[in-house]
$ cat work.cif   # mmCIF, C-alpha atoms
data_input
#
loop_
_atom_site.group_PDB
_atom_site.id
_atom_site.type_symbol
_atom_site.label_atom_id
_atom_site.label_comp_id
_atom_site.auth_asym_id
_atom_site.auth_seq_id
_atom_site.Cartn_x
_atom_site.Cartn_y
_atom_site.Cartn_z
ATOM 1 C CA LEU A 639 19.374 1.017 14.247
ATOM 2 C CA ILE A 640 22.119 3.350 13.095
ATOM 3 C CA ARG A 641 23.447 3.760 16.636
ATOM 4 C CA LYS A 642 23.496 -0.013 17.169
ATOM 5 C CA HIS A 643 24.631 -1.224 13.747
ATOM 6 C CA GLY A 644 26.444 1.784 12.268
ATOM 7 C CA ASP A 645 27.583 1.044 8.709
ATOM 8 C CA ASP A 646 26.228 -2.519 8.915
ATOM 9 C CA VAL A 647 22.652 -1.390 8.236
ATOM 10 C CA GLU A 648 21.059 0.209 5.190
ATOM 11 C CA ILE A 649 17.833 2.134 5.728
ATOM 12 C CA VAL A 650 15.447 3.408 3.068
ATOM 13 C CA VAL A 651 12.370 5.502 3.784
ATOM 14 C CA ALA A 652 9.894 5.012 0.924
ATOM 15 C CA CYS A 653 7.601 8.034 0.643
ATOM 16 C CA PHE A 654 4.384 7.883 -1.365
ATOM 17 C CA GLY A 655 0.815 9.081 -1.005
ATOM 18 C CA PRO A 656 0.529 11.660 1.799
ATOM 19 C CA GLY A 657 3.968 10.598 3.073
ATOM 20 C CA LEU A 658 5.578 12.218 0.027
ATOM 21 C CA HIS A 659 4.959 15.615 1.585
ATOM 22 C CA LEU A 660 7.826 14.902 4.001
ATOM 23 C CA LEU A 661 10.140 15.351 1.012
ATOM 24 C CA GLY A 662 8.416 18.429 -0.391
ATOM 25 C CA ASN A 663 10.261 21.702 -0.410
ATOM 26 C CA PRO A 664 7.904 23.118 0.630
ATOM 27 C CA PRO A 665 5.535 20.322 1.638
ATOM 28 C CA GLY A 666 2.015 20.527 0.251
ATOM 29 C CA ILE A 667 0.470 19.782 3.665
ATOM 30 C CA PRO A 668 1.704 20.812 7.105
ATOM 31 C CA ILE A 669 4.713 18.770 8.234
ATOM 32 C CA ALA A 670 6.258 19.696 11.583
ATOM 33 C CA ASP A 671 9.594 21.467 11.246
ATOM 34 C CA GLU A 672 11.087 19.025 13.758
ATOM 35 C CA THR A 673 10.069 16.083 11.562
ATOM 36 C CA ARG A 674 11.571 17.690 8.464
ATOM 37 C CA GLN A 675 14.800 18.451 10.365
ATOM 38 C CA ARG A 676 15.020 14.846 11.576
ATOM 39 C CA ALA A 677 14.650 13.554 8.021
ATOM 40 C CA ALA A 678 17.426 15.858 6.819
ATOM 41 C CA SER A 679 19.640 14.751 9.709
ATOM 42 C CA LEU A 680 19.022 11.068 8.952
ATOM 43 C CA ALA A 681 19.935 11.683 5.314
ATOM 44 C CA VAL A 682 23.305 13.018 6.469
ATOM 45 C CA TYR A 683 23.831 9.692 8.282
ATOM 46 C CA GLY A 684 23.146 7.743 5.094
ATOM 47 C CA VAL A 685 19.433 7.026 5.340
ATOM 48 C CA ALA A 686 17.963 7.071 1.811
ATOM 49 C CA PHE A 687 14.632 8.746 1.099
ATOM 50 C CA HIS A 688 12.760 7.530 -1.979
ATOM 51 C CA ALA A 689 10.024 9.660 -3.557
ATOM 52 C CA CYS A 690 7.256 8.001 -5.594
ATOM 53 C CA LYS A 691 7.029 9.489 -9.093
ATOM 54 C CA ASN A 692 3.400 8.342 -9.414
ATOM 55 C CA THR A 693 2.467 10.414 -6.366
ATOM 56 C CA MET A 694 4.547 13.315 -7.638
ATOM 57 C CA ASP A 695 2.679 13.204 -10.962
ATOM 58 C CA GLY A 696 -0.652 13.191 -9.142
ATOM 59 C CA LEU A 697 0.382 16.291 -7.207
ATOM 60 C CA GLY A 698 1.860 17.977 -10.268
ATOM 61 C CA TRP A 699 5.312 17.984 -8.652
ATOM 62 C CA THR A 700 8.654 17.786 -10.421
ATOM 63 C CA GLN A 701 12.003 16.850 -8.902
ATOM 64 C CA ASP A 702 12.819 20.500 -8.242
ATOM 65 C CA ARG A 703 9.921 20.523 -5.743
ATOM 66 C CA LEU A 704 11.741 17.955 -3.542
ATOM 67 C CA VAL A 705 14.450 18.280 -0.918
ATOM 68 C CA ASP A 706 17.947 17.669 -2.264
ATOM 69 C CA PHE A 707 18.374 14.296 -0.560
ATOM 70 C CA ALA A 708 15.281 12.706 -2.167
ATOM 71 C CA LYS A 709 15.725 10.032 -4.842
ATOM 72 C CA VAL A 710 12.811 9.653 -7.259
ATOM 73 C CA VAL A 711 11.634 6.099 -7.957
ATOM 74 C CA PRO A 712 8.998 5.297 -10.601
ATOM 75 C CA ILE A 713 6.483 3.522 -8.346
ATOM 76 C CA GLY A 714 6.664 3.670 -4.533
ATOM 77 C CA ALA A 715 4.889 0.362 -3.906
ATOM 78 C CA GLU A 716 7.094 -1.416 -6.443
ATOM 79 C CA ASP A 717 10.158 0.156 -4.834
ATOM 80 C CA MET A 718 9.219 -1.426 -1.512
ATOM 81 C CA MET A 719 8.712 -4.802 -3.187
ATOM 82 C CA LEU A 720 12.091 -4.586 -4.912
ATOM 83 C CA LEU A 721 13.780 -3.622 -1.648
ATOM 84 C CA GLN A 722 12.180 -6.635 0.052
ATOM 85 C CA GLU A 723 13.466 -8.889 -2.743
ATOM 86 C CA ARG A 724 16.937 -7.545 -1.912
ATOM 87 C CA GLY A 725 16.480 -8.594 1.717
ATOM 88 C CA PHE A 726 15.122 -5.395 3.255
ATOM 89 C CA SER A 727 12.546 -5.728 6.008
ATOM 90 C CA TYR A 728 9.362 -3.674 5.855
ATOM 91 C CA VAL A 729 8.580 -1.625 8.946
ATOM 92 C CA SER A 730 5.583 0.698 9.158
ATOM 93 C CA TRP A 731 4.158 2.894 11.883
#

$ encode --input "work.cif" --output "structure tokens"
Amino acid sequence: LIRKHGDDVEIVVACFGPGLHLLGNPPGIPIADETRQRAASLAVYGVAFHACKNTMDGLGWTQDRLVDFAKVVPIGAEDMMLLQERGFSYVSW
């Protein structure tokens, strides 16, 4: 999407539940180094990474446990709903 649309696209990766570990520094479960490097690279290109505070609380994590490019949001599921209200499309894999 970034290659095709450049600055005409805004991408947010909402991380909650087990997906939050992608933003852990260090992650609490094994995350491939290549995957972590790709996330950091995408952040440089303007992709936002949102971290669910509810999940963080459940894990006993504070913001200092996250990578620098993570933005903490109060509730990951609500964050996705609010993004959709703003016109974002939800894509999952």

$ residues_around --input "work.cif" --residues "range 641-647 of chain A" --least-positions-apart "3" --cutoff "12 Å" --atoms "all atoms listed in the file" --output "list in words"
Val650, Leu680, Tyr683, Gly684, Val685, Ala686, Gly725, Phe726 and Ser727 of chain A

$ residues_near_point --input "work.cif" --point "(11.5, -1.6, -1.3)" --cutoff "12 Å" --atoms "all atoms listed in the file" --output "VMD selection string"
chain A and resid 648 to 654 686 to 690 711 to 729

$ atom_distance --input "work.cif" --atom1 "CA of Ile667 in chain A" --atom2 "CA of Ser730 in chain A"
20.5 Å

$ closest_residue --input "work.cif" --among "A:Met694, A:Val682, A:Leu704, A:Ala677" --to "Pro665 in chain A" --atoms "only C-alpha atoms"
A:Leu704

$ resolve_selection --input "work.cif" --expression "the PyMOL selection byres ((chain A and resi 661) around 6)" --output "list in words"
Leu658, His659, Leu660, Gly662, Leu704 and Val705 of chain A

$ closest_residue --input "work.cif" --among "A:Gln701, A:Gln675, A:Asp706, A:Pro668" --to "Pro656 in chain A" --atoms "all atoms listed in the file"
A:Pro668

$ closest_residue --input "work.cif" --among "A:Arg703, A:Lys709, A:Lys691, A:Arg676" --to "Pro664 in chain A" --atoms "only C-alpha atoms"
A:Arg703

$ atom_distance --input "work.cif" --atom1 "CA of Thr693 in chain A" --atom2 "CA of Arg674 in chain A"
18.9 Å

$ closest_residue --input "work.cif" --among "A:Asp695, A:Ala678, A:Trp731, A:Asp702" --to "Asn663 in chain A" --atoms "only C-alpha atoms"
A:Asp702

$ atom_distance --input "work.cif" --atom1 "CA of Asn692 in chain A" --atom2 "CA of Gly655 in chain A"
8.8 Å
